[in-house]
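Undergrad: Starting off with a structure, shown below.
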There are 2 protein chains.
Amino acid sequence: MNGLHLIGDLGGCRCDPKRLLDGREFEQQCLEFVKASGLTTMSSSFHQFDGGGYTGTVVLAESHVAIHTWPEKQGLTLDVYVCNYSADNSDKARSLFQSIIDYFEPGEGHPWTVLADPQGNEFCAFTA
Amino acid sequence: MNGLHLIGDLGGCRCDPKRLLDGREFEQQCLEFVKASGLTTMSSSFHQFDGGGYTGTVVLAESHVAIHTWPEKQGLTLDVYVCNYSADNSDKARSLFQSIIDYFEPGEGHPWTVLADPQGNEFCAFTA
């Protein structure tokens with residue numbers, strides 16, 4: 001489907017710990033990041049774990065964002081996927097992904113790893 | 001975060017075309033597949049495109065499912081991601097992924113491609 005899938009596995013986050021704990025706050029922030037990147041939110045769905053982190057998804061017109069946090073490990077995983085079927089959304093996806101990474105202030109990152117499947121779909125994995 | 005990320009890019013789907021068109025029907029079906037696989041739905045969020053396909057996500061206790069359909073291409077992309085932090089959910093994820101693939105009857109599949117990032121997270125890409 002000619003998409004770009006950005007995948008982050010972030011640890012050592014130096015942000016205010018509340019950012020990994022409070023799904024409601026992040027949901028609002030994430031919707032602002034989506035708007036600023038030029039992508040379009042259709043709906044969002046977050047779940048708060050009692051005494052723990054949160055997990056959530058944002059359904060975009062261009063595809064989706066998914067996040068799962070582990071406050072006890074100062075970590076999270078993050079997906080931003082966009083299809084490029086009707087327009088090239090890759091730059092917007094990279095901008096959104098970077099905004100979210102910056103928000104959590106993970107440890108020093110490894111270089112991006114670009115993985116590709118046999119059909120040429122591109123997966124970019126970022127670990128920190 | 002020691003997760004398993006199953007990623008499908010499926011084309012040539014031979015199922016009833018309605019399955020790629022009707023997000024509400026698939027949402028209900030997907031929740032049944034999740035339950036049958038032994039995973040736990042927290043919430044789901046689907047968006048129907050006028051005269052087109054649908055896009056949706058299911059927030060799981062164990063992470064997420066995301067799907068985007070393109071009926072005009074008889075295709076879809078599918079993600080099933082589970083973390084294995086508190087238990088090994090890999091077999092449940094594979095079972096769920098396979099149930100959804102079978103539902104859409106894609107063309108003959110390429111072998112799974114297993115990709116891994118520098119931290120050892122496993123990504124499995126399935127194309128058909």
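How things are named: the first chain in the structure tokens is A, the next is B, and so on; residues count from 1 in each chain; ligands count from 1 in the order shown.
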Both chains have the same sequence, so match all Cα atoms in order, fit chain B onto chain A by least squares, and return it as a short mmCIF file (atom, residue, chain, number, x, y, z; two decimals) with N, CA, C and O atoms, in the first residue's frame.
TA:
```
data_model
loop_
_atom_site.label_atom_id
_atom_site.label_comp_id
_atom_site.auth_asym_id
_atom_site.auth_seq_id
_atom_site.Cartn_x
_atom_site.Cartn_y
_atom_site.Cartn_z
N MET B 1 0.84 -1.22 0.05
CA MET B 1 0.00 -0.03 0.00
C MET B 1 0.84 1.25 -0.01
O MET B 1 0.30 2.33 0.17
N ASN B 2 2.17 1.07 -0.20
CA ASN B 2 3.05 2.23 -0.30
C ASN B 2 2.95 3.12 0.94
O ASN B 2 2.65 4.31 0.85
N GLY B 3 3.17 2.52 2.08
CA GLY B 3 3.06 3.27 3.32
C GLY B 3 4.40 3.47 3.99
O GLY B 3 5.42 2.88 3.61
N LEU B 4 4.39 4.32 4.98
CA LEU B 4 5.58 4.52 5.81
C LEU B 4 5.18 4.25 7.25
O LEU B 4 4.23 4.83 7.77
N HIS B 5 5.91 3.34 7.86
CA HIS B 5 5.60 2.92 9.22
C HIS B 5 6.78 3.28 10.12
O HIS B 5 7.85 2.68 10.01
N LEU B 6 6.57 4.24 10.98
CA LEU B 6 7.61 4.68 11.91
C LEU B 6 7.35 4.03 13.26
O LEU B 6 6.24 4.13 13.80
N ILE B 7 8.35 3.36 13.77
CA ILE B 7 8.19 2.56 14.98
C ILE B 7 9.25 2.96 15.99
O ILE B 7 10.44 2.91 15.68
N GLY B 8 8.82 3.36 17.17
CA GLY B 8 9.78 3.76 18.19
C GLY B 8 9.68 2.89 19.43
O GLY B 8 8.59 2.53 19.86
N ASP B 9 10.83 2.55 19.99
CA ASP B 9 10.89 1.84 21.27
C ASP B 9 11.82 2.69 22.12
O ASP B 9 13.04 2.66 21.93
N LEU B 10 11.24 3.48 23.00
CA LEU B 10 11.98 4.53 23.67
C LEU B 10 12.15 4.22 25.16
O LEU B 10 11.19 3.85 25.84
N GLY B 11 13.35 4.38 25.65
CA GLY B 11 13.61 4.18 27.07
C GLY B 11 14.37 5.36 27.64
O GLY B 11 14.77 6.28 26.92
N GLY B 12 14.58 5.31 28.94
CA GLY B 12 15.37 6.35 29.61
C GLY B 12 14.77 7.74 29.48
O GLY B 12 15.50 8.74 29.42
N CYS B 13 13.43 7.80 29.47
CA CYS B 13 12.77 9.10 29.24
C CYS B 13 13.02 10.04 30.43
O CYS B 13 12.77 9.69 31.58
N ARG B 14 13.49 11.24 30.10
CA ARG B 14 13.87 12.21 31.14
C ARG B 14 12.80 13.27 31.35
O ARG B 14 13.01 14.24 32.07
N CYS B 15 11.66 13.11 30.70
CA CYS B 15 10.56 14.09 30.85
C CYS B 15 9.96 13.99 32.25
O CYS B 15 10.27 13.07 33.00
N ASP B 16 9.10 14.93 32.58
CA ASP B 16 8.29 14.82 33.79
C ASP B 16 7.59 13.46 33.79
O ASP B 16 6.91 13.11 32.82
N PRO B 17 7.76 12.64 34.86
CA PRO B 17 7.16 11.30 34.88
C PRO B 17 5.66 11.31 34.61
O PRO B 17 5.11 10.33 34.11
N LYS B 18 5.01 12.43 34.90
CA LYS B 18 3.57 12.53 34.67
C LYS B 18 3.21 12.30 33.20
O LYS B 18 2.12 11.83 32.89
N ARG B 19 4.14 12.62 32.31
CA ARG B 19 3.84 12.46 30.88
C ARG B 19 3.67 11.01 30.47
O ARG B 19 3.04 10.71 29.47
N LEU B 20 4.30 10.12 31.24
CA LEU B 20 4.14 8.69 30.96
C LEU B 20 2.97 8.08 31.73
O LEU B 20 2.57 6.95 31.47
N LEU B 21 2.45 8.84 32.68
CA LEU B 21 1.39 8.33 33.57
C LEU B 21 -0.01 8.78 33.18
O LEU B 21 -0.98 8.06 33.43
N ASP B 22 -0.12 9.94 32.61
CA ASP B 22 -1.44 10.57 32.44
C ASP B 22 -1.89 10.52 30.98
O ASP B 22 -1.50 11.36 30.16
N GLY B 23 -2.70 9.51 30.68
CA GLY B 23 -3.14 9.32 29.31
C GLY B 23 -4.03 10.43 28.79
O GLY B 23 -4.00 10.77 27.62
N ARG B 24 -4.81 11.00 29.68
CA ARG B 24 -5.72 12.06 29.25
C ARG B 24 -4.93 13.29 28.79
O ARG B 24 -5.25 13.90 27.78
N GLU B 25 -3.90 13.62 29.58
CA GLU B 25 -3.09 14.76 29.19
C GLU B 25 -2.39 14.51 27.85
O GLU B 25 -2.36 15.38 26.98
N PHE B 26 -1.83 13.29 27.71
CA PHE B 26 -1.14 13.02 26.45
C PHE B 26 -2.10 13.00 25.27
O PHE B 26 -1.76 13.46 24.17
N GLU B 27 -3.29 12.49 25.47
CA GLU B 27 -4.26 12.44 24.36
C GLU B 27 -4.49 13.84 23.79
O GLU B 27 -4.44 14.04 22.57
N GLN B 28 -4.69 14.81 24.68
CA GLN B 28 -4.90 16.18 24.21
C GLN B 28 -3.67 16.72 23.49
O GLN B 28 -3.75 17.35 22.44
N GLN B 29 -2.51 16.43 24.09
CA GLN B 29 -1.26 16.89 23.49
C GLN B 29 -1.07 16.26 22.11
O GLN B 29 -0.64 16.91 21.15
N CYS B 30 -1.36 14.98 22.02
CA CYS B 30 -1.16 14.25 20.77
C CYS B 30 -2.05 14.81 19.67
O CYS B 30 -1.60 14.96 18.52
N LEU B 31 -3.29 15.15 20.01
CA LEU B 31 -4.19 15.71 19.00
C LEU B 31 -3.65 17.05 18.49
O LEU B 31 -3.77 17.37 17.30
N GLU B 32 -3.01 17.80 19.38
CA GLU B 32 -2.38 19.06 18.94
C GLU B 32 -1.18 18.79 18.03
O GLU B 32 -0.99 19.47 17.02
N PHE B 33 -0.38 17.77 18.38
CA PHE B 33 0.76 17.42 17.52
C PHE B 33 0.28 16.98 16.13
O PHE B 33 0.90 17.30 15.12
N VAL B 34 -0.80 16.20 16.10
CA VAL B 34 -1.34 15.73 14.81
C VAL B 34 -1.73 16.92 13.95
O VAL B 34 -1.36 17.02 12.78
N LYS B 35 -2.45 17.85 14.58
CA LYS B 35 -2.91 19.02 13.84
C LYS B 35 -1.71 19.84 13.32
O LYS B 35 -1.68 20.24 12.16
N ALA B 36 -0.73 20.02 14.19
CA ALA B 36 0.44 20.81 13.80
C ALA B 36 1.23 20.16 12.66
O ALA B 36 1.85 20.83 11.85
N SER B 37 1.17 18.84 12.57
CA SER B 37 1.92 18.14 11.51
C SER B 37 1.18 18.17 10.18
O SER B 37 1.75 17.78 9.15
N GLY B 38 -0.08 18.59 10.20
CA GLY B 38 -0.84 18.64 8.97
C GLY B 38 -1.63 17.38 8.68
O GLY B 38 -2.24 17.25 7.61
N LEU B 39 -1.63 16.44 9.62
CA LEU B 39 -2.44 15.23 9.48
C LEU B 39 -3.82 15.47 10.11
O LEU B 39 -4.03 16.48 10.79
N THR B 40 -4.75 14.55 9.89
CA THR B 40 -6.14 14.76 10.27
C THR B 40 -6.65 13.68 11.21
O THR B 40 -6.69 12.50 10.85
N THR B 41 -7.05 14.07 12.42
CA THR B 41 -7.61 13.12 13.39
C THR B 41 -9.07 12.83 13.06
O THR B 41 -9.86 13.76 12.86
N MET B 42 -9.41 11.55 13.04
CA MET B 42 -10.81 11.15 12.90
C MET B 42 -11.39 10.83 14.29
O MET B 42 -12.53 11.17 14.58
N SER B 43 -10.63 10.14 15.10
CA SER B 43 -11.08 9.81 16.46
C SER B 43 -9.88 9.34 17.26
O SER B 43 -8.83 9.03 16.68
N SER B 44 -10.03 9.31 18.57
CA SER B 44 -8.95 8.79 19.41
C SER B 44 -9.55 7.97 20.53
O SER B 44 -10.72 8.14 20.90
N SER B 45 -8.76 7.05 21.03
CA SER B 45 -9.24 6.12 22.05
C SER B 45 -8.08 5.79 22.98
O SER B 45 -7.07 5.23 22.54
N PHE B 46 -8.20 6.19 24.25
CA PHE B 46 -7.12 5.96 25.21
C PHE B 46 -7.65 5.16 26.40
O PHE B 46 -8.80 5.32 26.81
N HIS B 47 -6.78 4.33 26.95
CA HIS B 47 -7.13 3.59 28.16
C HIS B 47 -6.04 3.79 29.21
O HIS B 47 -4.86 3.61 28.94
N GLN B 48 -6.48 4.15 30.39
CA GLN B 48 -5.57 4.39 31.51
C GLN B 48 -5.51 3.14 32.39
O GLN B 48 -6.55 2.64 32.82
N PHE B 49 -4.31 2.62 32.63
CA PHE B 49 -4.18 1.48 33.54
C PHE B 49 -4.05 1.99 34.97
O PHE B 49 -3.28 2.94 35.23
N ASP B 50 -4.77 1.38 35.88
CA ASP B 50 -4.75 1.81 37.28
C ASP B 50 -3.32 1.76 37.82
O ASP B 50 -2.67 0.72 37.80
N GLY B 51 -2.88 2.88 38.31
CA GLY B 51 -1.55 2.93 38.92
C GLY B 51 -0.42 2.67 37.94
O GLY B 51 0.70 2.37 38.35
N GLY B 52 -0.71 2.77 36.65
CA GLY B 52 0.32 2.46 35.67
C GLY B 52 0.33 3.46 34.55
O GLY B 52 0.05 4.64 34.74
N GLY B 53 0.65 2.96 33.39
CA GLY B 53 0.73 3.83 32.22
C GLY B 53 -0.59 3.88 31.49
O GLY B 53 -1.66 3.72 32.07
N TYR B 54 -0.49 4.11 30.21
CA TYR B 54 -1.69 4.17 29.37
C TYR B 54 -1.37 3.63 27.99
O TYR B 54 -0.20 3.44 27.62
N THR B 55 -2.43 3.35 27.29
CA THR B 55 -2.31 2.87 25.93
C THR B 55 -3.37 3.59 25.12
O THR B 55 -4.46 3.87 25.63
N GLY B 56 -3.04 3.95 23.92
CA GLY B 56 -4.01 4.70 23.15
C GLY B 56 -3.72 4.68 21.68
O GLY B 56 -2.60 4.38 21.25
N THR B 57 -4.76 4.98 20.92
CA THR B 57 -4.62 5.07 19.48
C THR B 57 -5.35 6.31 18.98
O THR B 57 -6.34 6.74 19.56
N VAL B 58 -4.83 6.85 17.92
CA VAL B 58 -5.50 7.94 17.21
C VAL B 58 -5.73 7.47 15.78
O VAL B 58 -4.77 7.10 15.09
N VAL B 59 -6.99 7.44 15.37
CA VAL B 59 -7.32 7.10 14.00
C VAL B 59 -7.20 8.37 13.16
O VAL B 59 -7.85 9.38 13.45
N LEU B 60 -6.32 8.30 12.17
CA LEU B 60 -6.11 9.44 11.27
C LEU B 60 -6.81 9.18 9.94
O LEU B 60 -7.00 8.02 9.55
N ALA B 61 -7.13 10.23 9.22
CA ALA B 61 -7.59 10.04 7.84
C ALA B 61 -6.51 9.33 7.04
O ALA B 61 -6.79 8.58 6.11
N GLU B 62 -5.25 9.56 7.44
CA GLU B 62 -4.11 9.00 6.69
C GLU B 62 -3.62 7.68 7.27
O GLU B 62 -2.73 7.06 6.69
N SER B 63 -4.09 7.25 8.37
CA SER B 63 -3.87 5.93 8.98
C SER B 63 -3.90 5.99 10.51
O SER B 63 -4.97 6.20 11.05
N HIS B 64 -2.79 5.82 11.23
CA HIS B 64 -2.95 5.78 12.69
C HIS B 64 -1.68 6.11 13.47
O HIS B 64 -0.57 6.04 12.96
N VAL B 65 -1.92 6.42 14.74
CA VAL B 65 -0.88 6.56 15.76
C VAL B 65 -1.23 5.59 16.88
O VAL B 65 -2.40 5.44 17.22
N ALA B 66 -0.24 4.93 17.45
CA ALA B 66 -0.49 4.09 18.63
C ALA B 66 0.64 4.29 19.62
O ALA B 66 1.81 4.41 19.23
N ILE B 67 0.27 4.34 20.89
CA ILE B 67 1.28 4.54 21.94
C ILE B 67 0.96 3.67 23.14
O ILE B 67 -0.22 3.44 23.47
N HIS B 68 2.01 3.16 23.77
CA HIS B 68 1.87 2.35 24.98
C HIS B 68 3.00 2.78 25.91
O HIS B 68 4.16 2.78 25.48
N THR B 69 2.66 3.14 27.13
CA THR B 69 3.71 3.62 28.04
C THR B 69 3.93 2.66 29.22
O THR B 69 3.00 1.97 29.66
N TRP B 70 5.15 2.62 29.68
CA TRP B 70 5.54 1.85 30.87
C TRP B 70 6.30 2.80 31.80
O TRP B 70 7.55 2.88 31.72
N PRO B 71 5.58 3.53 32.64
CA PRO B 71 6.24 4.52 33.50
C PRO B 71 7.32 3.90 34.38
O PRO B 71 8.35 4.52 34.66
N GLU B 72 7.09 2.65 34.81
CA GLU B 72 8.04 1.99 35.70
C GLU B 72 9.36 1.69 35.00
O GLU B 72 10.36 1.38 35.64
N LYS B 73 9.35 1.75 33.68
CA LYS B 73 10.58 1.55 32.91
C LYS B 73 11.01 2.83 32.21
O LYS B 73 11.92 2.79 31.37
N GLN B 74 10.34 3.93 32.52
CA GLN B 74 10.61 5.21 31.82
C GLN B 74 10.59 5.01 30.30
O GLN B 74 11.45 5.53 29.58
N GLY B 75 9.64 4.19 29.86
CA GLY B 75 9.66 3.86 28.45
C GLY B 75 8.30 3.86 27.78
O GLY B 75 7.25 3.96 28.45
N LEU B 76 8.33 3.74 26.50
CA LEU B 76 7.10 3.68 25.70
C LEU B 76 7.42 3.09 24.34
O LEU B 76 8.56 3.08 23.90
N THR B 77 6.37 2.59 23.69
CA THR B 77 6.48 2.28 22.27
C THR B 77 5.52 3.18 21.52
O THR B 77 4.48 3.59 22.04
N LEU B 78 5.90 3.50 20.32
CA LEU B 78 5.16 4.48 19.51
C LEU B 78 5.14 4.03 18.06
O LEU B 78 6.17 3.61 17.53
N ASP B 79 3.98 4.09 17.46
CA ASP B 79 3.83 3.82 16.02
C ASP B 79 3.16 5.01 15.35
O ASP B 79 2.15 5.50 15.86
N VAL B 80 3.69 5.41 14.26
CA VAL B 80 2.98 6.34 13.37
C VAL B 80 3.00 5.68 11.99
O VAL B 80 4.07 5.40 11.44
N TYR B 81 1.83 5.40 11.49
CA TYR B 81 1.73 4.78 10.17
C TYR B 81 0.91 5.68 9.27
O TYR B 81 -0.16 6.15 9.66
N VAL B 82 1.43 5.97 8.09
CA VAL B 82 0.63 6.69 7.09
C VAL B 82 0.70 5.94 5.77
O VAL B 82 1.73 5.37 5.41
N CYS B 83 -0.41 5.92 5.09
CA CYS B 83 -0.41 5.42 3.72
C CYS B 83 -0.12 6.60 2.81
O CYS B 83 -0.38 7.76 3.16
N ASN B 84 0.45 6.30 1.67
CA ASN B 84 0.77 7.36 0.71
C ASN B 84 0.04 7.12 -0.60
O ASN B 84 0.53 7.41 -1.68
N TYR B 85 -1.17 6.59 -0.46
CA TYR B 85 -1.92 6.14 -1.64
C TYR B 85 -2.43 7.34 -2.43
O TYR B 85 -2.27 7.41 -3.64
N SER B 86 -3.03 8.31 -1.74
CA SER B 86 -3.60 9.45 -2.47
C SER B 86 -2.71 10.70 -2.38
O SER B 86 -2.93 11.66 -3.10
N ALA B 87 -1.72 10.68 -1.48
CA ALA B 87 -0.79 11.80 -1.36
C ALA B 87 0.41 11.30 -0.57
O ALA B 87 0.32 10.31 0.14
N ASP B 88 1.54 11.99 -0.71
CA ASP B 88 2.73 11.58 0.04
C ASP B 88 2.71 12.24 1.41
O ASP B 88 2.94 13.45 1.54
N ASN B 89 2.41 11.44 2.42
CA ASN B 89 2.29 11.95 3.79
C ASN B 89 3.54 11.68 4.63
O ASN B 89 3.50 11.86 5.85
N SER B 90 4.60 11.26 3.99
CA SER B 90 5.77 10.82 4.74
C SER B 90 6.37 11.94 5.59
O SER B 90 6.73 11.72 6.76
N ASP B 91 6.50 13.12 5.04
CA ASP B 91 7.11 14.21 5.81
C ASP B 91 6.25 14.59 7.01
O ASP B 91 6.76 14.89 8.09
N LYS B 92 4.93 14.57 6.83
CA LYS B 92 4.03 14.87 7.95
C LYS B 92 4.17 13.81 9.04
O LYS B 92 4.16 14.12 10.23
N ALA B 93 4.30 12.57 8.62
CA ALA B 93 4.45 11.49 9.60
C ALA B 93 5.75 11.64 10.38
O ALA B 93 5.78 11.47 11.61
N ARG B 94 6.82 11.98 9.67
CA ARG B 94 8.12 12.14 10.35
C ARG B 94 8.06 13.31 11.34
O ARG B 94 8.61 13.25 12.43
N SER B 95 7.38 14.36 10.94
CA SER B 95 7.25 15.53 11.81
C SER B 95 6.46 15.18 13.08
O SER B 95 6.86 15.54 14.19
N LEU B 96 5.37 14.47 12.91
CA LEU B 96 4.56 14.06 14.06
C LEU B 96 5.36 13.15 14.99
O LEU B 96 5.37 13.33 16.22
N PHE B 97 6.03 12.18 14.40
CA PHE B 97 6.82 11.22 15.18
C PHE B 97 7.88 11.96 16.00
O PHE B 97 8.05 11.70 17.20
N GLN B 98 8.56 12.90 15.36
CA GLN B 98 9.62 13.62 16.05
C GLN B 98 9.06 14.49 17.18
O GLN B 98 9.66 14.59 18.26
N SER B 99 7.90 15.09 16.96
CA SER B 99 7.27 15.90 18.02
C SER B 99 7.00 15.07 19.27
O SER B 99 7.21 15.51 20.40
N ILE B 100 6.50 13.86 19.04
CA ILE B 100 6.17 12.99 20.18
C ILE B 100 7.45 12.53 20.87
O ILE B 100 7.54 12.51 22.10
N ILE B 101 8.46 12.16 20.09
CA ILE B 101 9.74 11.77 20.70
C ILE B 101 10.28 12.91 21.56
O ILE B 101 10.69 12.69 22.71
N ASP B 102 10.29 14.11 21.01
CA ASP B 102 10.84 15.25 21.76
C ASP B 102 10.08 15.47 23.07
O ASP B 102 10.67 15.86 24.08
N TYR B 103 8.79 15.21 23.06
CA TYR B 103 7.94 15.42 24.23
C TYR B 103 8.36 14.53 25.40
O TYR B 103 8.26 14.93 26.55
N PHE B 104 8.81 13.32 25.08
CA PHE B 104 9.15 12.37 26.14
C PHE B 104 10.64 12.38 26.50
O PHE B 104 11.03 11.73 27.48
N GLU B 105 11.44 13.08 25.72
CA GLU B 105 12.87 13.20 26.02
C GLU B 105 13.54 11.86 26.34
O GLU B 105 14.08 11.66 27.43
N PRO B 106 13.52 10.94 25.39
CA PRO B 106 14.15 9.64 25.64
C PRO B 106 15.67 9.77 25.72
O PRO B 106 16.23 10.80 25.36
N GLY B 107 16.31 8.69 26.18
CA GLY B 107 17.78 8.65 26.20
C GLY B 107 18.34 8.82 24.80
O GLY B 107 17.61 8.84 23.81
N GLU B 108 19.63 8.90 24.72
CA GLU B 108 20.27 9.09 23.42
C GLU B 108 19.81 8.01 22.45
O GLU B 108 19.80 6.83 22.79
N GLY B 109 19.47 8.40 21.25
CA GLY B 109 18.92 7.46 20.28
C GLY B 109 19.99 6.73 19.49
O GLY B 109 21.08 7.25 19.26
N HIS B 110 19.64 5.53 19.11
CA HIS B 110 20.40 4.84 18.09
C HIS B 110 20.00 5.44 16.75
O HIS B 110 18.94 6.03 16.62
N PRO B 111 20.81 5.26 15.76
CA PRO B 111 20.38 5.72 14.44
C PRO B 111 19.09 5.01 14.03
O PRO B 111 18.79 3.92 14.52
N TRP B 112 18.35 5.62 13.14
CA TRP B 112 17.19 4.96 12.56
C TRP B 112 17.63 3.70 11.86
O TRP B 112 18.66 3.66 11.20
N THR B 113 16.84 2.68 12.00
CA THR B 113 17.06 1.46 11.23
C THR B 113 15.94 1.39 10.21
O THR B 113 14.76 1.42 10.58
N VAL B 114 16.28 1.31 8.97
CA VAL B 114 15.26 1.23 7.94
C VAL B 114 15.14 -0.21 7.48
O VAL B 114 16.12 -0.83 7.06
N LEU B 115 13.98 -0.74 7.64
CA LEU B 115 13.70 -2.11 7.26
C LEU B 115 12.70 -2.06 6.11
O LEU B 115 11.85 -1.18 6.06
N ALA B 116 12.77 -2.97 5.21
CA ALA B 116 11.81 -2.99 4.11
C ALA B 116 11.35 -4.42 3.86
O ALA B 116 12.14 -5.36 3.98
N ASP B 117 10.08 -4.56 3.57
CA ASP B 117 9.57 -5.90 3.26
C ASP B 117 9.69 -6.13 1.75
O ASP B 117 10.09 -5.24 1.00
N PRO B 118 9.34 -7.34 1.30
CA PRO B 118 9.57 -7.65 -0.12
C PRO B 118 8.76 -6.78 -1.08
O PRO B 118 9.12 -6.67 -2.25
N GLN B 119 7.70 -6.15 -0.61
CA GLN B 119 6.91 -5.29 -1.49
C GLN B 119 7.38 -3.84 -1.45
O GLN B 119 6.76 -2.97 -2.04
N GLY B 120 8.44 -3.59 -0.71
CA GLY B 120 9.01 -2.26 -0.69
C GLY B 120 8.39 -1.33 0.33
O GLY B 120 8.69 -0.15 0.36
N ASN B 121 7.49 -1.84 1.19
CA ASN B 121 7.02 -1.00 2.27
C ASN B 121 8.19 -0.68 3.18
O ASN B 121 9.05 -1.53 3.42
N GLU B 122 8.19 0.51 3.68
CA GLU B 122 9.32 0.96 4.47
C GLU B 122 8.93 1.02 5.94
O GLU B 122 7.90 1.57 6.29
N PHE B 123 9.73 0.41 6.77
CA PHE B 123 9.55 0.47 8.22
C PHE B 123 10.78 1.14 8.79
O PHE B 123 11.89 0.74 8.46
N CYS B 124 10.59 2.14 9.61
CA CYS B 124 11.72 2.79 10.23
C CYS B 124 11.63 2.58 11.74
O CYS B 124 10.64 2.96 12.36
N ALA B 125 12.62 1.94 12.29
CA ALA B 125 12.61 1.65 13.72
C ALA B 125 13.60 2.57 14.42
O ALA B 125 14.75 2.70 14.00
N PHE B 126 13.12 3.22 15.46
CA PHE B 126 13.95 4.14 16.24
C PHE B 126 14.01 3.61 17.66
O PHE B 126 12.97 3.37 18.28
N THR B 127 15.19 3.40 18.16
CA THR B 127 15.32 2.95 19.55
C THR B 127 16.17 3.93 20.31
O THR B 127 17.08 4.55 19.75
N ALA B 128 15.87 4.10 21.57
CA ALA B 128 16.62 5.04 22.40
C ALA B 128 16.68 4.51 23.81
O ALA B 128 15.83 3.73 24.22
#
```
Undergrad: Give the strand (DSSP E or B) residues of stretch 13-126 of chain A, as DSSP finds them on the backbone, and put them as a ChimeraX atom specification.
TA: /A:41-48,54-60,63-70,75-83,113-116,122-126
Undergrad: Run DSSP on the backbone and grab whatever in stretch 29-86 of chain A lands in alpha helix (DSSP H); send it over as a PyMOL selection string.
TA: chain A and resi 29-37
Undergrad: Store the residues picked out above, limited to N, CA, C and O atoms, as a PDB file, in the first residue's frame.
TA:
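What landed in out_38.pdb:
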```pdb
ATOM      1  N   GLN A  29      -2.517  16.428  24.083  1.00  0.00           N
ATOM      2  CA  GLN A  29      -1.270  16.895  23.472  1.00  0.00           C
ATOM      3  C   GLN A  29      -1.061  16.249  22.108  1.00  0.00           C
ATOM      4  O   GLN A  29      -0.652  16.897  21.142  1.00  0.00           O
ATOM      5  N   CYS A  30      -1.371  14.980  22.024  1.00  0.00           N
ATOM      6  CA  CYS A  30      -1.168  14.248  20.771  1.00  0.00           C
ATOM      7  C   CYS A  30      -2.056  14.812  19.663  1.00  0.00           C
ATOM      8  O   CYS A  30      -1.615  14.953  18.522  1.00  0.00           O
ATOM      9  N   LEU A  31      -3.289  15.145  20.005  1.00  0.00           N
ATOM     10  CA  LEU A  31      -4.193  15.711  18.994  1.00  0.00           C
ATOM     11  C   LEU A  31      -3.647  17.056  18.488  1.00  0.00           C
ATOM     12  O   LEU A  31      -3.778  17.375  17.302  1.00  0.00           O
ATOM     13  N   GLU A  32      -3.011  17.804  19.381  1.00  0.00           N
ATOM     14  CA  GLU A  32      -2.381  19.065  18.938  1.00  0.00           C
ATOM     15  C   GLU A  32      -1.186  18.789  18.023  1.00  0.00           C
ATOM     16  O   GLU A  32      -0.994  19.472  17.018  1.00  0.00           O
ATOM     17  N   PHE A  33      -0.389  17.782  18.378  1.00  0.00           N
ATOM     18  CA  PHE A  33       0.752  17.430  17.519  1.00  0.00           C
ATOM     19  C   PHE A  33       0.270  16.974  16.129  1.00  0.00           C
ATOM     20  O   PHE A  33       0.884  17.289  15.117  1.00  0.00           O
ATOM     21  N   VAL A  34      -0.804  16.203  16.101  1.00  0.00           N
ATOM     22  CA  VAL A  34      -1.339  15.726  14.815  1.00  0.00           C
ATOM     23  C   VAL A  34      -1.738  16.921  13.950  1.00  0.00           C
ATOM     24  O   VAL A  34      -1.375  17.010  12.765  1.00  0.00           O
ATOM     25  N   LYS A  35      -2.455  17.841  14.564  1.00  0.00           N
ATOM     26  CA  LYS A  35      -2.908  19.029  13.831  1.00  0.00           C
ATOM     27  C   LYS A  35      -1.712  19.836  13.311  1.00  0.00           C
ATOM     28  O   LYS A  35      -1.684  20.253  12.148  1.00  0.00           O
ATOM     29  N   ALA A  36      -0.725  20.026  14.186  1.00  0.00           N
ATOM     30  CA  ALA A  36       0.450  20.820  13.797  1.00  0.00           C
ATOM     31  C   ALA A  36       1.229  20.160  12.655  1.00  0.00           C
ATOM     32  O   ALA A  36       1.853  20.849  11.845  1.00  0.00           O
ATOM     33  N   SER A  37       1.167  18.853  12.576  1.00  0.00           N
ATOM     34  CA  SER A  37       1.915  18.150  11.523  1.00  0.00           C
ATOM     35  C   SER A  37       1.186  18.183  10.182  1.00  0.00           C
ATOM     36  O   SER A  37       1.756  17.799   9.164  1.00  0.00           O
TER      37      SER A  37
END
```
